[in-house]
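Shown next: data20.tsv, containing TSV, C-alpha atoms.
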```tsv
chain	number	residue	atom	x	y	z
K	1	GLY	CA	79.52	75.72	49.91
K	2	GLY	CA	76.96	75.50	52.78
K	3	TRP	CA	79.57	75.57	55.57
K	4	ASP	CA	81.40	78.62	54.11
K	5	GLU	CA	78.13	80.53	54.13
K	6	VAL	CA	77.72	79.68	57.82
K	7	ARG	CA	81.17	80.98	58.67
K	8	ARG	CA	80.63	84.25	56.78
K	9	ARG	CA	77.39	84.96	58.57
K	10	ILE	CA	78.39	83.89	62.10
K	11	ARG	CA	80.05	87.24	62.73
K	12	ARG	CA	76.82	89.21	62.24
K	13	THR	CA	74.17	86.93	63.64
K	14	ASP	CA	73.01	85.97	67.07
K	15	ALA	CA	73.25	82.44	68.43
K	16	CYS	CA	69.78	81.41	67.25
K	17	GLU	CA	70.49	82.34	63.68
K	18	VAL	CA	73.84	80.53	63.84
K	19	MET	CA	72.01	77.37	64.89
K	20	ALA	CA	69.45	77.76	62.12
K	21	LEU	CA	72.11	78.27	59.48
K	22	THR	CA	74.08	75.33	60.79
K	23	ASN	CA	71.03	73.09	60.49
K	24	MET	CA	70.44	74.35	56.95
K	25	ALA	CA	74.00	73.50	55.97
K	26	LYS	CA	73.73	70.04	57.48
K	27	ALA	CA	70.49	69.45	55.59
K	28	ALA	CA	72.11	70.58	52.34
K	29	ALA	CA	75.03	68.24	52.94
K	30	THR	CA	72.63	65.39	53.71
K	31	ARG	CA	70.74	66.00	50.47
K	32	GLY	CA	74.00	65.98	48.55
K	33	LEU	CA	75.01	62.67	50.07
K	34	ALA	CA	71.57	61.24	49.29
K	35	ARG	CA	71.88	62.30	45.64
K	36	ALA	CA	75.31	60.73	45.43
K	37	ALA	CA	73.99	57.52	46.99
K	38	ARG	CA	71.09	57.39	44.53
K	39	LYS	CA	73.44	57.86	41.58
K	40	GLN	CA	75.73	55.17	42.94
K	41	GLY	CA	72.76	52.83	43.42
K	42	GLN	CA	71.58	53.46	39.87
K	43	GLY	CA	75.07	52.72	38.60
K	44	VAL	CA	75.18	49.48	40.58
K	45	ARG	CA	71.77	48.45	39.22
K	46	ARG	CA	72.85	49.25	35.66
K	47	ALA	CA	76.04	47.29	36.13
K	48	ALA	CA	74.10	44.37	37.60
K	49	ALA	CA	71.70	44.45	34.66
K	50	ALA	CA	74.66	44.47	32.27
K	51	ARG	CA	76.16	41.47	34.08
K	52	ALA	CA	72.85	39.57	34.07
K	53	GLY	CA	73.46	38.25	30.55
K	54	ALA	CA	70.93	36.25	28.55
K	55	GLU	CA	67.45	36.02	30.05
K	56	PRO	CA	64.20	34.35	28.92
K	57	GLY	CA	62.68	36.25	26.02
K	58	ASP	CA	66.01	37.56	24.70
K	59	TYR	CA	67.01	36.83	21.11
K	60	ALA	CA	70.28	34.92	21.06
K	61	THR	CA	72.72	34.12	18.25
K	62	VAL	CA	75.06	31.25	19.09
K	63	HIS	CA	77.54	28.79	17.71
K	64	TYR	CA	77.46	25.40	19.36
K	65	THR	CA	78.75	21.85	19.29
K	66	GLY	CA	76.80	18.94	20.77
K	67	LYS	CA	78.58	15.77	21.92
K	68	LEU	CA	77.55	12.39	23.30
K	69	ASP	CA	79.13	10.73	26.34
K	70	ASP	CA	81.70	8.98	24.13
K	71	GLY	CA	82.88	12.34	22.81
K	72	SER	CA	81.39	11.94	19.34
K	73	VAL	CA	79.80	15.03	17.80
K	74	PHE	CA	76.11	14.64	16.93
K	75	ASP	CA	75.59	18.22	15.75
K	76	THR	CA	77.50	21.47	15.32
K	77	SER	CA	76.82	24.89	13.84
K	78	ARG	CA	80.49	25.65	13.24
K	79	GLU	CA	80.33	24.76	9.55
K	80	ARG	CA	77.07	26.60	8.85
K	81	GLU	CA	75.18	29.73	9.89
K	82	PRO	CA	74.89	30.27	13.67
K	83	LEU	CA	71.68	29.33	15.46
K	84	GLU	CA	69.24	32.14	16.28
K	85	PHE	CA	66.42	31.66	18.77
K	86	ILE	CA	64.33	33.21	21.52
K	87	VAL	CA	65.68	32.06	24.88
K	88	GLY	CA	62.95	30.00	26.51
K	89	GLY	CA	60.79	30.25	23.38
K	90	GLY	CA	60.59	26.50	22.77
K	91	LYS	CA	62.70	26.33	19.62
K	92	VAL	CA	65.50	24.48	21.42
K	93	ILE	CA	65.48	21.90	24.21
K	94	ALA	CA	65.30	23.20	27.79
K	95	GLY	CA	68.86	22.16	28.53
K	96	PHE	CA	70.16	24.25	25.63
K	97	ASP	CA	68.34	27.26	27.08
K	98	ASP	CA	70.11	26.55	30.37
K	99	ALA	CA	73.47	26.57	28.60
K	100	VAL	CA	72.81	30.07	27.26
K	101	LEU	CA	71.12	31.69	30.27
K	102	GLY	CA	73.35	34.24	31.97
K	103	LEU	CA	75.92	34.43	29.17
K	104	GLN	CA	77.01	37.75	27.73
K	105	ALA	CA	77.99	38.24	24.10
K	106	GLY	CA	81.44	36.78	23.56
K	107	GLU	CA	81.22	34.33	26.44
K	108	SER	CA	81.17	30.52	26.18
K	109	ARG	CA	80.01	27.66	28.36
K	110	MET	CA	80.09	23.86	28.41
K	111	LEU	CA	77.10	22.14	30.00
K	112	GLN	CA	75.98	18.52	30.25
K	113	VAL	CA	72.23	18.04	29.90
K	114	GLY	CA	70.34	14.98	31.15
K	115	PRO	CA	67.55	13.32	29.16
K	116	GLU	CA	64.88	15.09	31.25
K	117	LYS	CA	66.01	18.43	29.78
K	118	ALA	CA	66.92	17.03	26.39
K	119	TYR	CA	64.71	14.62	24.43
K	120	GLY	CA	63.27	12.64	27.33
K	121	SER	CA	63.27	8.90	27.82
K	122	PRO	CA	62.21	6.57	24.98
K	123	ARG	CA	58.45	5.92	24.97
K	124	THR	CA	57.04	2.56	23.92
K	125	ASP	CA	53.81	4.21	22.74
K	126	LEU	CA	55.81	5.98	20.01
K	127	VAL	CA	56.88	2.67	18.46
K	128	ALA	CA	54.47	0.80	16.21
K	129	ASP	CA	54.34	-1.97	13.62
K	130	VAL	CA	52.61	-1.12	10.36
K	131	PRO	CA	51.45	-3.88	7.98
K	132	LYS	CA	53.78	-3.85	5.02
K	133	GLU	CA	50.93	-3.75	2.54
K	134	SER	CA	49.75	-0.47	4.12
K	135	ALA	CA	53.14	1.24	3.82
K	136	PRO	CA	54.68	2.89	0.75
K	137	ASP	CA	56.99	0.73	-1.34
K	138	GLY	CA	60.74	1.01	-1.05
K	139	LEU	CA	61.06	1.86	2.64
K	140	GLU	CA	64.33	0.80	4.24
K	141	VAL	CA	65.79	0.78	7.74
K	142	GLY	CA	67.02	4.26	8.56
K	143	ASN	CA	64.51	6.10	6.38
K	144	VAL	CA	62.67	9.00	8.01
K	145	VAL	CA	58.98	9.42	7.19
K	146	GLN	CA	56.42	12.07	8.09
K	147	LEU	CA	53.24	10.88	9.78
K	148	SER	CA	49.77	12.27	9.19
K	149	ASN	CA	49.89	14.19	12.48
K	150	GLY	CA	53.03	16.08	11.42
K	151	MET	CA	55.47	14.01	13.50
K	152	THR	CA	58.45	12.27	11.94
K	153	ALA	CA	59.45	8.66	12.55
K	154	ARG	CA	62.41	6.42	11.70
K	155	ILE	CA	62.12	3.03	10.09
K	156	THR	CA	63.84	0.65	12.51
K	157	SER	CA	62.84	-2.74	11.07
K	158	VAL	CA	61.51	-4.12	7.80
K	159	THR	CA	60.23	-7.69	7.51
K	160	ASP	CA	58.10	-9.52	4.97
K	161	ASP	CA	55.00	-8.72	7.02
K	162	ALA	CA	55.53	-5.42	8.81
K	163	ILE	CA	57.50	-2.21	9.06
K	164	THR	CA	58.43	-0.89	12.50
K	165	ILE	CA	58.40	2.88	12.92
K	166	ASP	CA	59.83	4.77	15.90
K	167	ALA	CA	58.70	8.35	16.54
K	168	ASN	CA	61.05	8.82	19.48
K	169	HIS	CA	63.80	11.36	18.89
K	170	PRO	CA	67.05	9.59	17.89
K	171	LEU	CA	68.70	11.11	20.99
K	172	ALA	CA	65.95	10.13	23.42
K	173	GLY	CA	67.37	8.72	26.64
K	174	MET	CA	70.83	10.20	26.11
K	175	ALA	CA	72.81	12.75	28.09
K	176	LEU	CA	74.14	15.53	25.85
K	177	THR	CA	77.03	17.94	26.31
K	178	PHE	CA	76.84	21.35	24.65
K	179	GLU	CA	79.68	23.77	24.03
K	180	VAL	CA	77.95	27.09	23.42
K	181	GLU	CA	79.39	30.47	22.36
K	182	LEU	CA	77.04	33.46	22.56
K	183	LEU	CA	77.75	35.68	19.55
K	184	ASP	CA	75.05	38.30	19.94
K	185	LEU	CA	72.13	39.07	22.25
K	186	VAL	CA	69.11	41.32	21.69
K	187	PRO	CA	67.17	41.96	24.91
K	188	ALA	CA	63.49	41.09	25.00
K	189	SER	CA	62.64	44.74	25.67
K	190	SER	CA	63.90	45.61	22.17
K	191	LEU	CA	61.72	43.04	20.37
K	192	GLY	CA	58.20	43.40	19.00
K	193	LEU	CA	55.28	40.98	19.25
K	194	ALA	CA	52.35	40.84	16.83
K	195	THR	CA	49.39	38.47	16.41
K	196	PHE	CA	47.23	37.89	13.33
K	197	GLY	CA	44.30	35.64	12.44
K	198	GLY	CA	44.20	34.79	8.77
K	199	GLY	CA	42.30	31.56	8.29
K	200	CYS	CA	44.32	28.33	8.44
K	201	PHE	CA	47.43	29.27	10.38
K	202	TRP	CA	49.86	27.01	8.52
K	203	GLY	CA	50.21	29.12	5.37
K	204	LEU	CA	50.24	32.48	7.14
K	205	GLU	CA	52.95	31.28	9.51
K	206	LEU	CA	55.23	30.20	6.67
K	207	ALA	CA	54.74	33.57	4.98
K	208	TYR	CA	55.92	35.35	8.13
K	209	GLN	CA	58.81	32.91	8.58
K	210	ARG	CA	60.10	34.08	5.20
K	211	LEU	CA	59.89	37.79	6.03
K	212	PRO	CA	63.26	39.38	6.91
K	213	GLY	CA	63.21	40.84	10.40
K	214	VAL	CA	60.88	38.18	11.76
K	215	LEU	CA	62.80	36.31	14.43
K	216	SER	CA	60.37	33.55	15.41
K	217	THR	CA	56.79	32.47	14.87
K	218	SER	CA	54.22	30.25	16.55
K	219	VAL	CA	50.66	29.26	15.78
K	220	GLY	CA	47.87	29.12	18.31
K	221	TYR	CA	44.37	30.05	19.36
K	222	ALA	CA	43.45	33.68	20.09
K	223	ASN	CA	40.63	35.50	21.85
K	224	GLY	CA	38.31	32.67	22.81
K	225	THR	CA	36.54	31.67	25.99
K	226	LYS	CA	37.89	28.21	26.85
K	227	GLU	CA	41.18	27.95	28.67
K	228	ASP	CA	43.93	26.12	26.77
K	229	PRO	CA	41.71	24.52	24.09
K	230	THR	CA	42.69	21.65	21.83
K	231	TYR	CA	42.64	21.86	18.04
K	232	GLN	CA	39.54	19.68	17.94
K	233	GLU	CA	37.74	21.94	20.40
K	234	VAL	CA	38.63	25.06	18.41
K	235	CYS	CA	37.44	23.39	15.18
K	236	SER	CA	34.06	22.72	16.80
K	237	GLY	CA	33.44	26.46	16.74
K	238	GLU	CA	32.30	26.41	20.35
K	239	THR	CA	35.36	27.97	22.03
K	240	GLY	CA	35.31	31.28	20.18
K	241	HIS	CA	39.02	31.19	19.31
K	242	ALA	CA	40.56	32.21	16.02
K	243	GLU	CA	43.44	30.33	14.51
K	244	ALA	CA	46.29	32.81	14.82
K	245	VAL	CA	49.97	33.36	14.11
K	246	GLN	CA	52.14	35.12	16.68
K	247	VAL	CA	55.26	36.83	15.38
K	248	THR	CA	58.32	37.99	17.30
K	249	TYR	CA	60.20	40.57	15.24
K	250	ASN	CA	63.03	43.07	15.33
K	251	PRO	CA	61.45	46.54	14.93
K	252	LYS	CA	64.77	47.87	13.63
K	253	ALA	CA	64.60	45.44	10.71
K	254	VAL	CA	60.86	45.25	9.95
K	255	GLY	CA	58.07	47.58	10.97
K	256	TYR	CA	54.56	46.73	12.14
K	257	GLU	CA	53.29	48.34	8.92
K	258	GLN	CA	55.22	45.75	6.89
K	259	LEU	CA	53.73	42.93	8.95
K	260	LEU	CA	50.29	44.31	8.19
K	261	LYS	CA	51.06	44.56	4.47
K	262	LEU	CA	51.94	40.88	4.37
K	263	PHE	CA	48.75	40.10	6.29
K	264	TRP	CA	46.53	41.95	3.80
K	265	ASP	CA	48.36	40.30	0.88
K	266	ARG	CA	47.62	36.84	2.32
K	267	VAL	CA	43.92	37.11	3.22
K	268	ASP	CA	40.57	38.02	1.75
K	269	PRO	CA	39.38	40.51	4.39
K	270	THR	CA	35.85	40.72	2.97
K	271	THR	CA	34.72	37.15	3.75
K	272	LEU	CA	33.23	36.59	7.20
K	273	ASN	CA	34.38	33.47	9.06
K	274	ARG	CA	35.88	32.06	5.90
K	275	GLN	CA	39.15	31.90	3.98
K	276	GLY	CA	39.02	29.89	0.78
K	277	ASN	CA	37.44	26.52	1.47
K	278	ASP	CA	37.94	26.82	5.23
K	279	VAL	CA	34.70	27.86	6.88
K	280	GLY	CA	34.01	28.53	10.57
K	281	THR	CA	34.46	31.22	13.20
K	282	GLN	CA	37.99	29.93	13.85
K	283	TYR	CA	38.91	31.02	10.32
K	284	ARG	CA	37.87	34.67	10.77
K	285	THR	CA	40.44	37.34	9.99
K	286	GLY	CA	41.70	39.44	12.84
K	287	ILE	CA	44.45	41.81	13.89
K	288	TYR	CA	45.02	41.28	17.61
K	289	VAL	CA	47.00	44.22	18.93
K	290	HIS	CA	49.39	44.29	21.87
K	291	THR	CA	49.81	48.06	22.32
K	292	PRO	CA	47.88	51.30	21.71
K	293	GLU	CA	50.41	52.14	19.01
K	294	GLN	CA	49.66	48.88	17.19
K	295	ARG	CA	45.93	49.59	17.47
K	296	GLU	CA	46.35	53.01	15.89
K	297	ILE	CA	48.49	51.67	13.05
K	298	ALA	CA	46.11	48.74	12.46
K	299	HIS	CA	43.03	50.97	12.16
K	300	ARG	CA	44.88	53.29	9.79
K	301	SER	CA	46.05	50.31	7.73
K	302	LEU	CA	42.52	48.87	7.59
K	303	LYS	CA	41.19	52.19	6.31
K	304	ASP	CA	43.81	52.23	3.55
K	305	GLU	CA	43.04	48.60	2.67
K	306	GLN	CA	39.29	49.30	2.49
K	307	ALA	CA	39.92	51.72	-0.39
K	308	LYS	CA	41.06	48.71	-2.45
K	309	HIS	CA	37.81	46.75	-2.00
K	310	GLU	CA	34.22	47.32	-3.08
K	311	LYS	CA	32.89	45.02	-0.33
K	312	PRO	CA	33.25	46.05	3.30
K	313	ILE	CA	36.18	44.61	5.20
K	314	VAL	CA	35.10	42.33	8.06
K	315	THR	CA	38.52	41.85	9.63
K	316	GLU	CA	38.33	42.53	13.36
K	317	VAL	CA	40.85	44.74	15.16
K	318	GLU	CA	40.86	43.81	18.83
K	319	ASP	CA	43.19	43.77	21.81
K	320	LEU	CA	44.76	40.35	22.24
K	321	SER	CA	43.01	38.97	25.32
K	322	VAL	CA	44.38	35.41	25.29
K	323	TYR	CA	46.70	33.34	23.14
K	324	TYR	CA	47.30	29.63	23.62
K	325	PRO	CA	50.03	27.99	21.51
K	326	ALA	CA	48.71	25.14	19.38
K	327	GLU	CA	49.93	21.56	19.64
K	328	ASP	CA	53.58	20.94	18.72
K	329	TYR	CA	52.78	19.23	15.45
K	330	HIS	CA	51.10	22.40	14.17
K	331	GLN	CA	54.20	24.53	14.77
K	332	GLN	CA	56.08	25.34	11.54
K	333	TYR	CA	53.93	22.64	9.95
K	334	LEU	CA	54.62	23.47	6.30
K	335	GLN	CA	58.34	23.88	6.90
K	336	LYS	CA	58.38	20.41	8.47
K	337	GLY	CA	56.58	19.18	5.38
K	338	GLY	CA	59.45	20.31	3.17
K	339	GLN	CA	58.50	23.86	2.14
K	340	SER	CA	61.25	26.45	2.41
K	341	ALA	CA	61.22	28.98	5.25
K	342	GLU	CA	64.30	30.80	3.95
K	343	LYS	CA	64.09	34.57	4.15
K	344	GLU	CA	62.70	36.20	0.99
K	345	CYS	CA	61.83	32.81	-0.51
K	346	SER	CA	59.19	33.34	-3.21
K	347	ASP	CA	58.12	29.73	-3.77
K	348	PRO	CA	54.33	29.32	-3.79
K	349	ILE	CA	52.97	28.30	-0.39
K	350	ARG	CA	51.04	25.05	-0.61
K	351	CYS	CA	48.57	24.63	2.22
K	352	TYR	CA	49.11	20.92	2.89
K	353	GLY	CA	52.85	20.51	2.63
```

Entire entry expressed as structure tokens:
Amino acid sequence: GGWDEVRRRIRRTDACEVMALTNMAKAAATRGLARAARKQGQGVRRAAAARAGAEPGDYATVHYTGKLDDGSVFDTSREREPLEFIVGGGKVIAGFDDAVLGLQAGESRMLQVGPEKAYGSPRTDLVADVPKESAPDGLEVGNVVQLSNGMTARITSVTDDAITIDANHPLAGMALTFEVELLDLVPASSLGLATFGGGCFWGLELAYQRLPGVLSTSVGYANGTKEDPTYQEVCSGETGHAEAVQVTYNPKAVGYEQLLKLFWDRVDPTTLNRQGNDVGTQYRTGIYVHTPEQREIAHRSLKDEQAKHEKPIVTEVEDLSVYYPAEDYHQQYLQKGGQSAEKECSDPIRCYG
């Protein structure tokens, strides 16, 4: 269009105007090319993003089969529900994450994983002899028992005097081969994250595990002053942290309001630094928000909840400043102890397994 305008006006303009119009047309053409290049670049970036496949933080649904070096199958999901997990979220071994990274829905991969990215090498400090008189009756080789720290151990030897327990994973020291098929992938940008302090984190975590739409949970220490504290340090009351549950959820399946409803149903928001028999600043109730929208919803929810109580609510609503995951043995503690984490399970939650 720009060059036709030049030709029409050449006949009635002097040389200077011709030059000016010519430059204008060239500039218009340059702008058009630039726009086309930008659109092409955006298309390339979108295509590259689409090809990127699974990334850390995405929610993956997979079927898999795990084999040992001799070809024997040690685990498979093919005869049960597929596995769902946050890529890089710690639910699976690092090597399994590697097998999924980069896959798109419908794609498959086979990957061999060494012990360093599987269950590590066997550790002698995880093997111990227990006097037989101190152990429960009836234990046999092959039994699996839960230890007081939440870990599980296998009985590997039983004599008249002692029982040998081994807390190493049964696959420690082995190379594993995974055949993985990615069935579905929800990008991290589509997921929600919420954090709540409700006294002892074990019971609150199990309650959220049972809530449909919740994809994963962890327990940890929120909004304190010491970097990466231990459980013992938090229990001293000197670090300022609250025991907290962090929830990753699908906003299309469960809203933040529903997460808050479960929170209010699980806690007594009128007791300061106390829930039941648990007393201390680490047991305070808190809603630790991640976004301005969560803050607005939380304050509105607190106001509605206050109408149900004669005493003032002391639950704090604060931005989440820090969150440190608790030790492994605290994660999904009650589920490990035998309590059901099935969605919509209504069994009473018992605080100590």

(request) Dig up all the protein and nucleic acid residues within 9 Å of (40.5, 25.0, 8.7) in the file frame, using only C-alpha atoms, and format them as a VMD selection string. (result) chain K and resid 199 to 201 235 243 274 to 275 277 to 280 282 to 283

(message) Here is a test: counting only C-alpha atoms, which residue of K:Thr230, K:Gln339, K:Thr225, K:Thr177 is nearest to Asp98 of chain K?
(response)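 Looking only at the distances to Asp98 of chain K, the closest residue turns out to be K:Thr177.
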
(request) Have a look at atom CA of Leu320 of chain K and atom CA of Glu305 of chain K and let me know their distance in Å, one decimal. (result) 21.3 Å

(message) What's around segment 313-315 of chain K at 7 Å? Count all atoms listed in the file, leave out sequence neighbours fewer than 2 positions away in its own chain, and write the answer as a PyMOL selection string.
(response) chain K and resi 269-272+285-286+306+311+317

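Here atom CA of Ala167 of chain K and atom CA of Glu342 of chain K stand 26.3 Å from one another.
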
(request) Between atom CA of Tyr324 of chain K and atom CA of Pro122 of chain K, measure the distance and give it in Å to one decimal. (result) 27.5 Å

(request) Pick out the residues sitting within 12 Å of Asp347 of chain K, and hand them over as number ranges by chain; count only C-alpha atoms, and ignore anything fewer than 6 positions along from it in its own chain. (result) K: 206-207, 210, 338-341

(request) Skip Phe96 of chain K itself and residues of its chain fewer than 2 positions away, then list as a list in words all residues within 9 Å of it, counting all atoms listed in the file. (result) Val92, Ile93, Ala94, Asp98, Ala99, Val100, Leu101, Leu111, Val113, Lys117, Ala118, Phe178 and Val180 of chain K

(request) May I ask which of the residues K:Gln332, K:Ser134, K:Asn168, K:Leu183 is the closest one to Glu81 of chain K, counting only C-alpha atoms? (result)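 Checking each of K:Gln332, K:Ser134, K:Asn168, K:Leu183 against Glu81 of chain K, counting only C-alpha atoms, the winner is K:Leu183.
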
(request) Find the residue from K:Gln146, K:Thr61, K:Thr291, K:Gln112 that sits nearest to Thr195 of chain K; use all atoms listed in the file when measuring. (result)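 Checking each candidate against Thr195 of chain K, we get K:Thr291 as the closest.
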